[in-house]
Structure formats: structure tokens, C-alpha cells
$ cat structure_33.pdb   # PDB, C-alpha atoms
ATOM      1  CA  MET D 133     -46.705  46.789  25.006
ATOM      2  CA  LEU D 134     -43.655  49.016  24.914
ATOM      3  CA  LYS D 135     -40.826  46.650  23.967
ATOM      4  CA  ILE D 136     -37.833  48.933  23.442
ATOM      5  CA  VAL D 137     -36.875  52.587  23.557
ATOM      6  CA  ARG D 138     -33.887  53.450  21.391
ATOM      7  CA  LEU D 139     -31.738  56.527  20.969
ATOM      8  CA  ASP D 140     -30.388  56.585  17.424
ATOM      9  CA  ASP D 141     -29.702  59.733  15.433
ATOM     10  CA  ARG D 142     -30.229  57.772  12.208
ATOM     11  CA  LEU D 143     -33.760  57.011  13.440
ATOM     12  CA  VAL D 144     -35.094  54.064  11.402
ATOM     13  CA  HIS D 145     -32.665  52.030   9.292
ATOM     14  CA  GLY D 146     -31.672  48.465   8.444
ATOM     15  CA  GLN D 147     -30.340  47.483  11.876
ATOM     16  CA  ILE D 148     -33.627  48.476  13.466
ATOM     17  CA  ILE D 149     -35.866  46.811  10.890
ATOM     18  CA  ASN D 150     -33.847  43.620  10.319
ATOM     19  CA  ASN D 151     -32.640  43.035  13.864
ATOM     20  CA  TRP D 152     -34.558  44.859  16.586
ATOM     21  CA  CYS D 153     -38.002  44.635  15.013
ATOM     22  CA  THR D 154     -37.485  40.957  14.256
ATOM     23  CA  SER D 155     -36.102  39.974  17.666
ATOM     24  CA  GLU D 156     -38.764  41.951  19.566
ATOM     25  CA  ASN D 157     -41.686  41.185  17.192
ATOM     26  CA  ILE D 158     -42.321  44.904  16.734
ATOM     27  CA  THR D 159     -45.607  45.847  15.050
ATOM     28  CA  GLU D 160     -45.281  49.621  15.405
ATOM     29  CA  ILE D 161     -42.470  52.169  15.537
ATOM     30  CA  LEU D 162     -43.063  55.571  17.092
ATOM     31  CA  VAL D 163     -40.446  58.089  15.973
ATOM     32  CA  ILE D 164     -40.314  60.977  18.425
ATOM     33  CA  ASN D 165     -38.441  63.753  16.677
ATOM     34  CA  LYS D 166     -39.782  67.264  16.192
ATOM     35  CA  GLU D 167     -37.743  67.920  13.055
ATOM     36  CA  VAL D 168     -38.855  64.767  11.251
ATOM     37  CA  ALA D 169     -42.472  65.042  12.422
ATOM     38  CA  SER D 170     -42.745  68.323  10.539
ATOM     39  CA  ASN D 171     -40.827  67.244   7.426
ATOM     40  CA  ASP D 172     -42.946  65.288   4.930
ATOM     41  CA  MET D 173     -39.977  64.404   2.717
ATOM     42  CA  ARG D 174     -37.999  62.823   5.588
ATOM     43  CA  LYS D 175     -41.089  60.956   6.768
ATOM     44  CA  THR D 176     -41.627  59.571   3.259
ATOM     45  CA  PHE D 177     -38.030  58.321   3.014
ATOM     46  CA  ILE D 178     -38.257  56.638   6.408
ATOM     47  CA  GLN D 179     -41.648  55.087   5.599
ATOM     48  CA  MET D 180     -40.167  53.568   2.431
ATOM     49  CA  SER D 181     -37.657  51.624   4.563
ATOM     50  CA  VAL D 182     -40.312  50.058   6.786
ATOM     51  CA  PRO D 183     -42.121  46.859   5.733
ATOM     52  CA  GLU D 184     -45.907  47.015   5.394
ATOM     53  CA  SER D 185     -46.267  44.717   8.404
ATOM     54  CA  ILE D 186     -44.946  47.490  10.682
ATOM     55  CA  THR D 187     -46.860  50.706  11.290
ATOM     56  CA  ILE D 188     -44.760  53.837  11.707
ATOM     57  CA  LEU D 189     -45.887  57.040  13.406
ATOM     58  CA  PHE D 190     -44.065  60.371  13.679
ATOM     59  CA  CYS D 191     -44.627  63.005  16.317
ATOM     60  CA  ASP D 192     -43.016  65.478  18.632
ATOM     61  CA  VAL D 193     -42.753  64.865  22.379
ATOM     62  CA  LEU D 194     -46.143  66.307  23.329
ATOM     63  CA  GLY D 195     -47.861  64.400  20.525
ATOM     64  CA  ALA D 196     -46.208  61.179  21.705
ATOM     65  CA  LEU D 197     -47.415  61.734  25.257
ATOM     66  CA  GLU D 198     -50.988  62.013  23.957
ATOM     67  CA  ILE D 199     -50.936  58.678  22.116
ATOM     68  CA  ILE D 200     -48.406  56.483  23.928
ATOM     69  CA  ASP D 201     -50.830  54.759  26.308
ATOM     70  CA  GLU D 202     -53.236  53.818  23.529
ATOM     71  CA  GLU D 203     -50.498  52.645  21.158
ATOM     72  CA  SER D 204     -48.746  50.529  23.774
ATOM     73  CA  LYS D 205     -52.025  48.770  24.664
ATOM     74  CA  PHE D 206     -52.537  47.299  21.208
ATOM     75  CA  GLU D 207     -49.099  47.134  19.578
ATOM     76  CA  SER D 208     -45.652  45.677  20.191
ATOM     77  CA  LEU D 209     -44.140  49.121  20.248
ATOM     78  CA  MET D 210     -40.671  50.484  19.669
ATOM     79  CA  ILE D 211     -39.943  54.147  20.373
ATOM     80  CA  VAL D 212     -37.047  55.782  18.558
ATOM     81  CA  PHE D 213     -35.657  59.141  19.655
ATOM     82  CA  GLY D 214     -33.150  60.997  17.491
ATOM     83  CA  ASN D 215     -31.466  62.876  20.338
ATOM     84  CA  PRO D 216     -31.199  62.842  24.138
ATOM     85  CA  PHE D 217     -32.789  66.293  24.503
ATOM     86  CA  GLU D 218     -36.188  65.011  23.379
ATOM     87  CA  ILE D 219     -35.863  62.016  25.700
ATOM     88  CA  LEU D 220     -35.368  64.348  28.650
ATOM     89  CA  GLU D 221     -38.279  66.531  27.468
ATOM     90  CA  TYR D 222     -40.450  63.396  27.241
ATOM     91  CA  ILE D 223     -39.558  62.353  30.794
ATOM     92  CA  GLU D 224     -39.945  65.855  32.237
ATOM     93  CA  ASN D 225     -43.429  66.066  30.713
ATOM     94  CA  GLY D 226     -44.572  62.856  32.372
ATOM     95  CA  GLY D 227     -43.368  60.135  29.998
ATOM     96  CA  LYS D 228     -42.403  56.904  31.741
ATOM     97  CA  LEU D 229     -39.370  54.911  30.613
ATOM     98  CA  ASP D 230     -37.636  51.997  32.327
ATOM     99  CA  SER D 231     -34.678  51.679  29.991
ATOM    100  CA  ILE D 232     -33.111  53.219  26.909
ATOM    101  CA  ASN D 233     -30.995  51.454  24.318
ATOM    102  CA  ILE D 234     -28.352  53.846  22.986
ATOM    103  CA  GLY D 235     -27.737  52.469  19.544
ATOM    104  CA  GLY D 236     -26.125  55.132  17.474
ATOM    105  CA  MET D 237     -24.972  58.715  17.737
ATOM    106  CA  SER D 238     -22.814  59.777  14.839
ATOM    107  CA  PHE D 239     -19.363  61.298  15.099
ATOM    108  CA  LYS D 240     -19.374  65.082  14.953
ATOM    109  CA  LYS D 241     -16.646  67.591  15.681
ATOM    110  CA  GLY D 242     -16.193  67.925  19.435
ATOM    111  CA  THR D 243     -17.649  64.543  20.363
ATOM    112  CA  LYS D 244     -16.236  61.858  22.626
ATOM    113  CA  LYS D 245     -16.315  58.186  21.629
ATOM    114  CA  LEU D 246     -18.300  55.981  24.022
ATOM    115  CA  SER D 247     -18.411  52.939  21.744
ATOM    116  CA  THR D 248     -18.037  51.924  18.113
ATOM    117  CA  ALA D 249     -21.105  53.888  17.010
ATOM    118  CA  VAL D 250     -21.815  56.225  19.929
ATOM    119  CA  TYR D 251     -20.217  59.667  20.085
ATOM    120  CA  VAL D 252     -21.450  62.437  22.374
ATOM    121  CA  ASN D 253     -20.534  66.028  23.065
ATOM    122  CA  ASP D 254     -20.421  67.423  26.601
ATOM    123  CA  GLU D 255     -24.005  68.684  26.473
ATOM    124  CA  GLU D 256     -25.367  65.320  25.282
ATOM    125  CA  LEU D 257     -23.296  63.519  27.908
ATOM    126  CA  GLY D 258     -24.759  65.791  30.582
ATOM    127  CA  ILE D 259     -28.314  65.136  29.401
ATOM    128  CA  LEU D 260     -27.784  61.364  29.326
ATOM    129  CA  SER D 261     -26.243  61.492  32.806
ATOM    130  CA  LYS D 262     -29.261  63.469  34.028
ATOM    131  CA  ILE D 263     -31.615  60.877  32.503
ATOM    132  CA  ALA D 264     -29.656  58.119  34.273
ATOM    133  CA  THR D 265     -30.284  59.819  37.637
ATOM    134  CA  LYS D 266     -34.014  59.316  37.083
ATOM    135  CA  ASN D 267     -33.697  55.579  37.696
ATOM    136  CA  ILE D 268     -33.727  54.759  33.984
ATOM    137  CA  LYS D 269     -31.342  52.060  32.772
ATOM    138  CA  LEU D 270     -29.156  53.261  29.898
ATOM    139  CA  GLU D 271     -27.368  50.636  27.830
ATOM    140  CA  ILE D 272     -25.177  50.915  24.775
ATOM    141  CA  ARG D 273     -25.918  48.116  22.305
ATOM    142  CA  LEU D 274     -26.099  48.252  18.522
ATOM    143  CA  LEU D 275     -27.792  44.910  17.913
ATOM    144  CA  PRO D 276     -29.913  42.635  20.093
ATOM    145  CA  THR D 277     -27.191  39.974  19.854
ATOM    146  CA  ASP D 278     -24.462  42.326  21.126
ATOM    147  CA  LYS D 279     -23.395  42.400  24.748
ATOM    148  CA  SER D 280     -25.035  45.246  26.648
ATOM    149  CA  LYS D 281     -22.685  47.921  27.983
ATOM    150  CA  LYS D 282     -23.895  50.128  30.834
ATOM    151  CA  PHE D 283     -23.832  53.794  29.839
ATOM    152  CA  LEU D 284     -22.275  55.084  33.062
ATOM    153  CA  ASN D 285     -19.409  52.609  32.811
ATOM    154  CA  SER D 286     -18.530  53.933  29.359
ATOM    155  CA  ASN D 287     -17.514  57.481  30.222
TER     156      ASN D 287
END

$ encode --input "structure_33.pdb" --output "C-alpha cells"
Amino acid sequence: MLKIVRLDDRLVHGQIINNWCTSENITEILVINKEVASNDMRKTFIQMSVPESITILFCDVLGALEIIDEESKFESLMIVFGNPFEILEYIENGGKLDSINIGGMSFKKGTKKLSTAVYVNDEELGILSKIATKNIKLEIRLLPTDKSKKFLNSN
């Protein structure tokens, strides 16, 4: 069962493992990020941060679309995207999402602050707004215990 879809440019880190995976009883994390899927060193570093009780898979958008139905049948699944562009690509290629947790987008030059840990540039803001028009709930929330903030109310 797909439990949570998260947008976080840090991908997999302590907040995800210690908080989200615990609160949602996650057994598998699917990282959808073209760059990381083709980078063995980055995959190794991420795998080292994940406990043995959680399976982690890496793929690009098209690879994710091929396996998502099977994985969500047998696992308590969390999907992590590293950027909004791949989320939109996923949706436009037939991927189904009900909601997206925006958990972290790092400050970069030219970005606008939406919350403590979410900064977006105009292009990212446009993509997220486009995703929101597809009847997908977007919330900003770092931790499961934090109060959810609707994305469209934050800009």
C-alpha cells in the first residue's frame, strides 16, 4: 500500500527514517530520481542510512511506473522524489497520486521561502501549482507530528 509520497531534495535522511518510516510503518522506500538511479556512489551512501528492515529501490520515472503497482501490493511503501519536475513527469506518464508531502527543498539563490525548510524558485513554484491543479493535495510538513500547511496557502 502506498502510504506517503514525499518531495525532499535531500531524498532519504534521518527525518524520513526515524519519523516518517516509523509513524507509517514503512517497509520499502522507492526513490524516484534519475540522477541518483544512475549514480552507484550516491545509492550506496543512501543505502547505508536505511535500516535492514526497510528495502530501498532507486529508479527513474519510467522505471517507477513499471514497478509501482507490484511494490504497493506487497509493501508499506513510501515514494520520495527529489524535485517537482519528476513528480510532474510521473503524473503525465500515468502515475496516480492523491497527495504529496513537501518536506524539504533547500535554499538556493533565487528561491522564495514557503516554510522553514521549503524554498522554491519560480519554475518549481509553477510546476507545483500545475500539479495542484490535477486534484492532488499538496501539503508542507517536515515531520508527521507537525501541523500540515496547505501548499497553495503558502505562496

$ closest_residue --input "structure_33.pdb" --among "D:Ile158, D:Met173, D:Val182, D:Ile234" --to "Gly146 in chain D" --atoms "all atoms listed in the file"
D:Val182

$ residues_around --input "structure_33.pdb" --residues "Leu197 in chain D" --least-positions-apart "2" --cutoff "10 Å" --atoms "only C-alpha atoms" --output "ChimeraX atom specification"
/D:164,191-195,199-202,222-223,225-228

$ residues_around --input "structure_33.pdb" --residues "Thr159 in chain D" --least-positions-apart "4" --cutoff "9 Å" --atoms "only C-alpha atoms" --output "list in words"
Cys153, Ser185, Ile186, Thr187, Ile188, Glu207, Ser208, Leu209 and Met210 of chain D

$ resolve_selection --input "structure_33.pdb" --expression "the PyMOL selection byres ((chain D and resi 272) around 12)" --output "number ranges by chain"
D: 137-140, 231-237, 245-251, 260, 269-271, 273-276, 278-287

$ closest_residue --input "structure_33.pdb" --among "D:Ile178, D:Val212, D:Ile219, D:Leu162" --to "Phe190 in chain D" --atoms "only C-alpha atoms"
D:Leu162

$ atom_distance --input "structure_33.pdb" --atom1 "CA of Gln179 in chain D" --atom2 "CA of Glu160 in chain D"
11.8 Å

$ atom_distance --input "structure_33.pdb" --atom1 "CA of Glu256 in chain D" --atom2 "CA of Thr176 in chain D"
28.0 Å

$ closest_residue --input "structure_33.pdb" --among "D:Leu257, D:Val144, D:Ile149, D:Ala196" --to "Lys175 in chain D" --atoms "only C-alpha atoms"
D:Val144

$ atom_distance --input "structure_33.pdb" --atom1 "CA of Asn253 in chain D" --atom2 "CA of Ile161 in chain D"
27.0 Å

$ axis_aligned_box --input "structure_33.pdb" --around "range 246-249 of chain D" --padding-each-side "8 Å" --output "JSON"
{"center_x": -19.6, "center_y": 54.0, "center_z": 20.5, "size_x": 19.1, "size_y": 20.1, "size_z": 23.0}

$ closest_residue --input "structure_33.pdb" --among "D:Pro216, D:Asn165, D:Asn267, D:Met133" --to "Leu229 in chain D" --atoms "all atoms listed in the file"
D:Asn267

$ closest_residue --input "structure_33.pdb" --among "D:Ala264, D:Leu134, D:Ile148, D:Val163" --to "Phe213 in chain D" --atoms "only C-alpha atoms"
D:Val163

$ build_atoms --input "structure_33.pdb" --residues "range 188-221 of chain D" --atoms "N, CA and C atoms" --output "compact mmCIF listing (two decimals), in the frame of the given file"
# COMPACT_ATOMS: atom_id res chain seq x y z
N ILE D 188 -45.70 52.83 11.21
CA ILE D 188 -44.76 53.84 11.71
C ILE D 188 -45.50 55.15 11.91
N LEU D 189 -45.28 55.76 13.06
CA LEU D 189 -45.89 57.04 13.41
C LEU D 189 -44.78 58.03 13.72
N PHE D 190 -45.03 59.30 13.42
CA PHE D 190 -44.06 60.37 13.68
C PHE D 190 -44.74 61.45 14.51
N CYS D 191 -44.07 61.90 15.55
CA CYS D 191 -44.63 63.00 16.32
C CYS D 191 -43.53 63.67 17.15
N ASP D 192 -43.91 64.83 17.69
CA ASP D 192 -43.02 65.48 18.63
C ASP D 192 -43.31 64.92 20.02
N VAL D 193 -42.62 65.41 21.03
CA VAL D 193 -42.75 64.86 22.38
C VAL D 193 -44.19 64.97 22.90
N LEU D 194 -44.79 66.13 22.79
CA LEU D 194 -46.14 66.31 23.33
C LEU D 194 -47.15 65.44 22.59
N GLY D 195 -46.99 65.29 21.29
CA GLY D 195 -47.86 64.40 20.52
C GLY D 195 -47.70 62.95 20.97
N ALA D 196 -46.47 62.55 21.25
CA ALA D 196 -46.21 61.18 21.70
C ALA D 196 -46.88 60.92 23.05
N LEU D 197 -46.80 61.90 23.94
CA LEU D 197 -47.42 61.73 25.26
C LEU D 197 -48.93 61.55 25.16
N GLU D 198 -49.53 62.13 24.15
CA GLU D 198 -50.99 62.01 23.96
C GLU D 198 -51.40 60.62 23.47
N ILE D 199 -50.53 59.95 22.73
CA ILE D 199 -50.94 58.68 22.12
C ILE D 199 -50.26 57.44 22.69
N ILE D 200 -49.23 57.62 23.51
CA ILE D 200 -48.41 56.48 23.93
C ILE D 200 -49.19 55.40 24.67
N ASP D 201 -50.09 55.78 25.55
CA ASP D 201 -50.83 54.76 26.31
C ASP D 201 -51.68 53.90 25.38
N GLU D 202 -52.37 54.53 24.47
CA GLU D 202 -53.24 53.82 23.53
C GLU D 202 -52.42 52.90 22.62
N GLU D 203 -51.32 53.43 22.08
CA GLU D 203 -50.50 52.64 21.16
C GLU D 203 -49.87 51.45 21.86
N SER D 204 -49.41 51.64 23.08
CA SER D 204 -48.75 50.53 23.77
C SER D 204 -49.73 49.47 24.27
N LYS D 205 -51.02 49.78 24.29
CA LYS D 205 -52.02 48.77 24.66
C LYS D 205 -52.22 47.73 23.57
N PHE D 206 -52.14 48.16 22.32
CA PHE D 206 -52.54 47.30 21.21
C PHE D 206 -51.40 46.87 20.29
N GLU D 207 -50.22 47.41 20.48
CA GLU D 207 -49.10 47.13 19.58
C GLU D 207 -47.88 46.65 20.36
N SER D 208 -47.00 45.94 19.68
CA SER D 208 -45.65 45.68 20.19
C SER D 208 -44.83 46.86 19.71
N LEU D 209 -44.60 47.79 20.60
CA LEU D 209 -44.14 49.12 20.25
C LEU D 209 -42.65 49.33 20.49
N MET D 210 -42.03 50.00 19.53
CA MET D 210 -40.67 50.48 19.67
C MET D 210 -40.71 52.00 19.53
N ILE D 211 -40.08 52.70 20.47
CA ILE D 211 -39.94 54.15 20.37
C ILE D 211 -38.51 54.45 19.96
N VAL D 212 -38.37 55.35 18.99
CA VAL D 212 -37.05 55.78 18.56
C VAL D 212 -36.96 57.30 18.72
N PHE D 213 -35.98 57.72 19.50
CA PHE D 213 -35.66 59.14 19.66
C PHE D 213 -34.41 59.43 18.85
N GLY D 214 -34.33 60.62 18.26
CA GLY D 214 -33.15 61.00 17.49
C GLY D 214 -32.09 61.72 18.29
N ASN D 215 -32.43 62.15 19.51
CA ASN D 215 -31.47 62.88 20.34
C ASN D 215 -31.86 62.78 21.81
N PRO D 216 -30.90 62.96 22.71
CA PRO D 216 -31.20 62.84 24.14
C PRO D 216 -32.05 63.99 24.69
N PHE D 217 -32.04 65.13 24.02
CA PHE D 217 -32.79 66.29 24.50
C PHE D 217 -34.29 66.01 24.50
N GLU D 218 -34.77 65.34 23.45
CA GLU D 218 -36.19 65.01 23.38
C GLU D 218 -36.55 63.89 24.35
N ILE D 219 -35.60 63.03 24.67
CA ILE D 219 -35.86 62.02 25.70
C ILE D 219 -36.10 62.70 27.04
N LEU D 220 -35.22 63.63 27.39
CA LEU D 220 -35.37 64.35 28.65
C LEU D 220 -36.67 65.14 28.67
N GLU D 221 -37.02 65.79 27.57
CA GLU D 221 -38.28 66.53 27.47
C GLU D 221 -39.46 65.59 27.69
